[in-house]
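Student: File input-v6.pdb follows (PDB, C-alpha atoms, pLDDT in the B column):
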ATOM      1  CA  MET A   1       0.000   0.000   0.000  1.00 70.00           C
ATOM      2  CA  MET A   2       2.851   2.377   0.824  1.00 69.00           C
ATOM      3  CA  MET A   3       4.437   1.634  -2.551  1.00 71.00           C
ATOM      4  CA  MET A   4       1.203   2.467  -4.386  1.00 77.00           C
ATOM      5  CA  MET A   5       0.956   5.756  -2.509  1.00 75.00           C
ATOM      6  CA  MET A   6       4.540   6.626  -3.454  1.00 73.00           C
ATOM      7  CA  ILE A   7       3.895   5.797  -7.123  1.00 76.00           C
ATOM      8  CA  SER A   8       0.777   7.952  -7.034  1.00 78.00           C
ATOM      9  CA  MET A   9       2.716  10.816  -5.446  1.00 76.00           C
ATOM     10  CA  CYS A  10       5.466  10.530  -8.056  1.00 76.00           C
ATOM     11  CA  MET A  11       2.889  10.635 -10.845  1.00 77.00           C
ATOM     12  CA  SER A  12       1.257  13.672  -9.260  1.00 78.00           C
ATOM     13  CA  ILE A  13       4.595  15.452  -9.310  1.00 75.00           C
ATOM     14  CA  ILE A  14       5.346  14.441 -12.910  1.00 77.00           C
ATOM     15  CA  LEU A  15       1.873  15.288 -14.285  1.00 78.00           C
ATOM     16  CA  PRO A  16       2.354  19.098 -14.550  1.00 79.00           C
ATOM     17  CA  LEU A  17       5.586  18.517 -16.461  1.00 76.00           C
ATOM     18  CA  MET A  18       3.819  16.591 -19.230  1.00 77.00           C
ATOM     19  CA  LYS A  19       3.082  18.516 -22.387  1.00 76.00           C
ATOM     20  CA  HIS A  20       1.330  15.980 -24.608  1.00 75.00           C
ATOM     21  CA  PRO A  21      -2.406  15.439 -23.926  1.00 75.00           C
ATOM     22  CA  ILE A  22      -2.243  11.692 -24.529  1.00 76.00           C
ATOM     23  CA  SER A  23       0.538  11.244 -21.962  1.00 78.00           C
ATOM     24  CA  MET A  24      -1.414  13.348 -19.462  1.00 81.00           C
ATOM     25  CA  GLY A  25      -4.486  11.196 -20.014  1.00 81.00           C
ATOM     26  CA  SER A  26      -2.543   7.976 -19.570  1.00 82.00           C
ATOM     27  CA  MET A  27      -1.012   9.314 -16.346  1.00 84.00           C
ATOM     28  CA  LEU A  28      -4.496  10.173 -15.051  1.00 85.00           C
ATOM     29  CA  ILE A  29      -5.781   6.700 -15.918  1.00 87.00           C
ATOM     30  CA  VAL A  30      -2.884   5.019 -14.086  1.00 87.00           C
ATOM     31  CA  GLN A  31      -3.411   7.336 -11.108  1.00 88.00           C
ATOM     32  CA  THR A  32      -7.112   6.478 -11.083  1.00 88.00           C
ATOM     33  CA  ILE A  33      -6.300   2.778 -11.032  1.00 89.00           C
ATOM     34  CA  ILE A  34      -3.901   3.271  -8.119  1.00 88.00           C
ATOM     35  CA  ILE A  35      -6.358   5.427  -6.133  1.00 86.00           C
ATOM     36  CA  SER A  36      -9.123   2.890  -6.761  1.00 86.00           C
ATOM     37  CA  MET A  37      -6.917   0.068  -5.506  1.00 86.00           C
ATOM     38  CA  ILE A  38      -5.936   2.053  -2.401  1.00 84.00           C
ATOM     39  CA  SER A  39      -9.551   2.925  -1.599  1.00 83.00           C
ATOM     40  CA  SER A  40     -10.708  -0.666  -2.119  1.00 82.00           C
ATOM     41  CA  MET A  41      -8.021  -1.837   0.317  1.00 82.00           C
ATOM     42  CA  LYS A  42      -8.917   0.777   2.921  1.00 78.00           C
ATOM     43  CA  PHE A  43     -12.689   0.392   2.906  1.00 74.00           C
ATOM     44  CA  TYR A  44     -14.780  -2.654   3.707  1.00 69.00           C
ATOM     45  CA  SER A  45     -16.855  -2.290   0.558  1.00 71.00           C
ATOM     46  CA  SER A  46     -15.093  -1.828  -2.768  1.00 77.00           C
ATOM     47  CA  TRP A  47     -18.126  -0.305  -4.521  1.00 79.00           C
ATOM     48  CA  TYR A  48     -16.802   3.197  -3.923  1.00 79.00           C
ATOM     49  CA  SER A  49     -13.623   2.432  -5.834  1.00 82.00           C
ATOM     50  CA  TYR A  50     -15.599   0.818  -8.689  1.00 83.00           C
ATOM     51  CA  ILE A  51     -17.813   3.896  -9.008  1.00 84.00           C
ATOM     52  CA  LEU A  52     -14.772   6.193  -8.930  1.00 83.00           C
ATOM     53  CA  PHE A  53     -12.958   4.152 -11.576  1.00 87.00           C
ATOM     54  CA  ILE A  54     -15.912   3.924 -13.954  1.00 88.00           C
ATOM     55  CA  THR A  55     -16.698   7.640 -13.630  1.00 86.00           C
ATOM     56  CA  ILE A  56     -13.125   8.765 -14.221  1.00 85.00           C
ATOM     57  CA  ILE A  57     -12.637   6.378 -17.160  1.00 87.00           C
ATOM     58  CA  GLY A  58     -15.881   7.637 -18.736  1.00 86.00           C
ATOM     59  CA  GLY A  59     -14.694  11.216 -18.376  1.00 83.00           C
ATOM     60  CA  MET A  60     -11.282  10.323 -19.753  1.00 82.00           C
ATOM     61  CA  MET A  61     -12.852   8.740 -22.848  1.00 83.00           C
ATOM     62  CA  VAL A  62     -14.643  12.007 -23.607  1.00 81.00           C
ATOM     63  CA  MET A  63     -11.445  13.991 -22.952  1.00 79.00           C
ATOM     64  CA  PHE A  64      -9.426  11.604 -25.151  1.00 78.00           C
ATOM     65  CA  MET A  65     -11.882  12.001 -28.018  1.00 77.00           C
ATOM     66  CA  TYR A  66     -11.760  15.783 -27.703  1.00 76.00           C
ATOM     67  CA  MET A  67      -7.975  15.993 -27.390  1.00 73.00           C
ATOM     68  CA  SER A  68      -7.279  13.572 -30.226  1.00 72.00           C
ATOM     69  CA  SER A  69      -9.385  15.733 -32.532  1.00 73.00           C
ATOM     70  CA  ILE A  70      -7.508  18.890 -31.477  1.00 73.00           C
ATOM     71  CA  ALA A  71      -3.896  17.715 -31.142  1.00 65.00           C
ATOM     72  CA  SER A  72      -3.668  14.793 -33.518  1.00 65.00           C
ATOM     73  CA  ASN A  73      -0.207  15.419 -35.005  1.00 69.00           C
ATOM     74  CA  GLU A  74       1.779  16.655 -32.014  1.00 67.00           C
ATOM     75  CA  LYS A  75       5.191  15.067 -31.434  1.00 71.00           C
ATOM     76  CA  PHE A  76       5.781  13.144 -28.216  1.00 68.00           C
ATOM     77  CA  LYS A  77       8.933  14.188 -26.285  1.00 69.00           C
ATOM     78  CA  MET A  78      10.554  12.478 -23.304  1.00 69.00           C
ATOM     79  CA  MET A  79      11.443  14.315 -20.088  1.00 70.00           C
ATOM     80  CA  SER A  80      15.040  15.361 -19.466  1.00 73.00           C
ATOM     81  CA  MET A  81      17.234  13.622 -16.889  1.00 75.00           C
ATOM     82  CA  LYS A  82      17.513  16.850 -14.889  1.00 78.00           C
ATOM     83  CA  LYS A  83      13.761  16.887 -14.286  1.00 75.00           C
ATOM     84  CA  ILE A  84      13.686  13.188 -13.424  1.00 72.00           C
ATOM     85  CA  THR A  85      16.480  13.508 -10.832  1.00 79.00           C
ATOM     86  CA  SER A  86      14.845  16.535  -9.217  1.00 77.00           C
ATOM     87  CA  ILE A  87      11.589  14.594  -8.960  1.00 74.00           C
ATOM     88  CA  MET A  88      13.398  11.658  -7.364  1.00 75.00           C
ATOM     89  CA  ILE A  89      15.026  13.957  -4.791  1.00 80.00           C
ATOM     90  CA  MET A  90      11.656  15.515  -3.952  1.00 75.00           C
ATOM     91  CA  LEU A  91      10.115  12.051  -3.649  1.00 75.00           C
ATOM     92  CA  THR A  92      12.889  10.897  -1.302  1.00 77.00           C
ATOM     93  CA  ILE A  93      12.361  13.933   0.928  1.00 77.00           C
ATOM     94  CA  PHE A  94       8.643  13.254   0.935  1.00 73.00           C
ATOM     95  CA  MET A  95       9.179   9.609   1.900  1.00 73.00           C
ATOM     96  CA  ILE A  96      11.381  10.586   4.847  1.00 75.00           C
ATOM     97  CA  THR A  97       8.889  13.149   6.158  1.00 73.00           C
ATOM     98  CA  TYR A  98       6.009  10.743   5.612  1.00 70.00           C
ATOM     99  CA  LYS A  99       7.800   8.067   7.635  1.00 69.00           C
ATOM    100  CA  PHE A 100       8.080  10.426  10.622  1.00 67.00           C
ATOM    101  CA  TYR A 101       4.463  11.509  10.246  1.00 66.00           C
ATOM    102  CA  TYR A 102       3.291   7.902   9.942  1.00 64.00           C
ATOM    103  CA  THR A 103       4.908   6.884  13.231  1.00 62.00           C
ATOM    104  CA  THR A 104       3.002   9.604  15.095  1.00 60.00           C
ATOM    105  CA  MET A 105      -0.291   8.454  13.584  1.00 59.00           C
ATOM    106  CA  ASN A 106      -0.173   5.106  15.424  1.00 58.00           C
ATOM    107  CA  LEU A 107      -2.043   6.518  18.415  1.00 54.00           C
ATOM    108  CA  GLU A 108      -4.954   7.550  16.211  1.00 56.00           C
ATOM    109  CA  LYS A 109      -4.929   4.128  14.550  1.00 59.00           C
ATOM    110  CA  LEU A 110      -5.717   2.462  17.883  1.00 55.00           C
ATOM    111  CA  ASN A 111      -9.191   4.004  17.889  1.00 56.00           C
ATOM    112  CA  GLU A 112      -9.714   2.946  14.293  1.00 57.00           C
ATOM    113  CA  THR A 113      -8.794  -0.681  14.971  1.00 57.00           C
ATOM    114  CA  LYS A 114     -11.580  -0.878  17.537  1.00 55.00           C
ATOM    115  CA  LEU A 115     -14.068  -0.264  14.730  1.00 55.00           C
ATOM    116  CA  PHE A 116     -12.569  -3.011  12.566  1.00 55.00           C
ATOM    117  CA  PHE A 117     -13.174  -5.621  15.239  1.00 54.00           C
ATOM    118  CA  MET A 118     -16.884  -4.826  15.428  1.00 52.00           C
ATOM    119  CA  GLU A 119     -19.420  -6.964  13.606  1.00 47.00           C
ATOM    120  CA  PHE A 120     -19.892  -6.230   9.924  1.00 49.00           C
ATOM    121  CA  GLU A 121     -23.251  -4.517   9.715  1.00 47.00           C
ATOM    122  CA  GLU A 122     -24.259  -1.876   7.213  1.00 47.00           C
ATOM    123  CA  ILE A 123     -24.277   0.976   9.722  1.00 50.00           C
ATOM    124  CA  LYS A 124     -20.859   0.089  11.068  1.00 54.00           C
ATOM    125  CA  SER A 125     -19.347  -0.261   7.613  1.00 55.00           C
ATOM    126  CA  THR A 126     -20.641   3.213   6.749  1.00 56.00           C
ATOM    127  CA  SER A 127     -19.053   4.607   9.889  1.00 58.00           C
ATOM    128  CA  LYS A 128     -15.739   3.040   8.819  1.00 58.00           C
ATOM    129  CA  PHE A 129     -16.042   4.807   5.491  1.00 58.00           C
ATOM    130  CA  MET A 130     -16.585   8.178   7.138  1.00 62.00           C
ATOM    131  CA  TYR A 131     -13.912   7.802   9.823  1.00 63.00           C
ATOM    132  CA  LEU A 132     -11.758  10.864  10.503  1.00 63.00           C
ATOM    133  CA  ASN A 133      -8.519   9.444   9.076  1.00 67.00           C
ATOM    134  CA  LYS A 134     -10.197   8.541   5.794  1.00 69.00           C
ATOM    135  CA  MET A 135     -12.164  11.761   5.424  1.00 73.00           C
ATOM    136  CA  ASN A 136      -9.426  13.373   3.292  1.00 76.00           C
ATOM    137  CA  LEU A 137      -9.610  10.544   0.770  1.00 76.00           C
ATOM    138  CA  THR A 138     -13.401  10.826   0.616  1.00 76.00           C
ATOM    139  CA  ILE A 139     -13.303  14.596   0.097  1.00 80.00           C
ATOM    140  CA  MET A 140     -10.583  14.224  -2.560  1.00 82.00           C
ATOM    141  CA  MET A 141     -12.687  11.681  -4.473  1.00 80.00           C
ATOM    142  CA  MET A 142     -15.728  13.979  -4.303  1.00 82.00           C
ATOM    143  CA  ILE A 143     -13.712  16.936  -5.621  1.00 86.00           C
ATOM    144  CA  ILE A 144     -12.225  14.856  -8.466  1.00 86.00           C
ATOM    145  CA  LEU A 145     -15.675  13.631  -9.474  1.00 83.00           C
ATOM    146  CA  LEU A 146     -17.098  17.174  -9.331  1.00 86.00           C
ATOM    147  CA  LEU A 147     -14.289  18.615 -11.456  1.00 86.00           C
ATOM    148  CA  THR A 148     -14.629  15.785 -13.978  1.00 83.00           C
ATOM    149  CA  MET A 149     -18.364  16.361 -14.235  1.00 82.00           C
ATOM    150  CA  ILE A 150     -17.918  20.131 -14.719  1.00 83.00           C
ATOM    151  CA  SER A 151     -15.209  19.738 -17.365  1.00 81.00           C
ATOM    152  CA  ILE A 152     -17.191  17.128 -19.318  1.00 76.00           C
ATOM    153  CA  THR A 153     -20.271  19.359 -19.218  1.00 77.00           C
ATOM    154  CA  ASN A 154     -18.272  22.332 -20.494  1.00 76.00           C
ATOM    155  CA  ILE A 155     -16.659  20.322 -23.289  1.00 72.00           C
ATOM    156  CA  THR A 156     -19.784  18.596 -24.555  1.00 70.00           C
ATOM    157  CA  SER A 157     -22.073  21.637 -24.435  1.00 67.00           C
ATOM    158  CA  SER A 158     -19.910  23.569 -26.881  1.00 61.00           C
ATOM    159  CA  TYR A 159     -21.413  24.806 -30.143  1.00 63.00           C
ATOM    160  CA  GLU A 160     -18.057  25.586 -31.750  1.00 61.00           C
ATOM    161  CA  GLY A 161     -14.905  23.605 -32.427  1.00 58.00           C
ATOM    162  CA  PRO A 162     -14.289  19.932 -33.202  1.00 59.00           C
ATOM    163  CA  LEU A 163     -17.236  18.577 -31.182  1.00 56.00           C
ATOM    164  CA  LYS A 164     -19.854  21.142 -32.193  1.00 56.00           C
ATOM    165  CA  MET A 165     -23.507  20.168 -32.371  1.00 56.00           C
ATOM    166  CA  LYS A 166     -25.389  20.640 -35.626  1.00 52.00           C
TER     167      LYS A 166
END
So that I can check it, write out the structure of this file as structure tokens.
Tutor:
Amino acid sequence: MMMMMMISMCMSIILPLMKHPISMGSMLIVQTIIISMISSMKFYSSWYSYILFITIIGGMMVMFMYMSSIASNEKFKMMSMKKITSIMIMLTIFMITYKFYYTTMNLEKLNETKLFFMEFEEIKSTSKFMYLNKMNLTIMMMIILLLTMISITNITSSYEGPLKMK
């Protein structure tokens, strides 16, 4: 799980450095897969990760269709070694600070483990989903879904450009 979080963090750092729309889309798809796997491991029910994955992939299909009609002949360029080494240094610093932060979180995890040993009823599984430590992940998923919905609505309701309505 820690490795998936580090890969996701590395991709988040690399994403603004990408210039080609297809590479950005593929990075977002891989990040969505990783976030879906992390959320399915953290929560009792994996339906939330399925819904997130299907929604993001649907939005990415619309974005891919739009971007391939706009930037069809752009050349794909690799990143320079200077950028890659700076990203690796930033990732190493992040891993060290995360390790110190993670050791202080053990006290809060004790309260969370009490919930995991309860019986698996629907009300208790919902309370596990909305637990304080996992609230950031829930809010992040809601914001991603909202931004995807807004961008798809803005792209598809256009009356000019490659996807105009007749």
Student: When you count all atoms listed in the file, which of these residues is closest to Ser8 in chain A: A:Ser23, A:Gln31, A:Thr85, A:Ser69?
Tutor: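 Among the listed residues, A:Gln31 lies closest to Ser8 in chain A.
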Student: Which value, in Å to one decimal, gives the distance between CA of Thr156 in chain A and CA of Gly59 in chain A?
Tutor: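 Between these atoms lies a distance of 10.9 Å.
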Student: What residues come out when you apply the PyMOL selection byres ((chain A and resi 22) around 9) to this file, written as a PyMOL selection string?
Tutor: chain A and resi 19-21+23-27+64+67-68+76
Student: Run through the PyMOL selection byres ((chain A and resi 144) around 12) on the given coordinates and return the selected residues as a VMD selection string.
Tutor: chain A and resid 28 31 to 32 35 52 to 53 55 to 56 59 137 to 143 145 to 151
Student: Expressed in Å to a single decimal, how great is the separation between CA of Ile155 in chain A and CA of Val62 in chain A?
Tutor: 8.6 Å
Student: Using only C-alpha atoms, find the one residue out of A:Lys83, A:Tyr66, A:Met60, A:Phe43 that sits nearest to Met135 in chain A.
Tutor: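 Of A:Lys83, A:Tyr66, A:Met60, A:Phe43, the one nearest Met135 in chain A, counting only C-alpha atoms, is A:Phe43.
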Student: Interatomic distance between CA of Ile51 in chain A and CA of Met6 in chain A?
Tutor: 23.2 Å
Student: Restricting the calculation to all atoms listed in the file: of A:Ile14, A:Ser40, A:Val30, A:Ser86, which residue gets closest to Met1 in chain A?
Tutor: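 Residue with the minimum atom-to-atom distance to Met1 in chain A: A:Ser40.
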Student: Which of these residues is nearest to Pro16 in chain A, using all atoms listed in the file: A:Ile96, A:Met41, A:Ile33, A:Ile87?
Tutor: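 Smallest separation from Pro16 in chain A among the options: A:Ile87.
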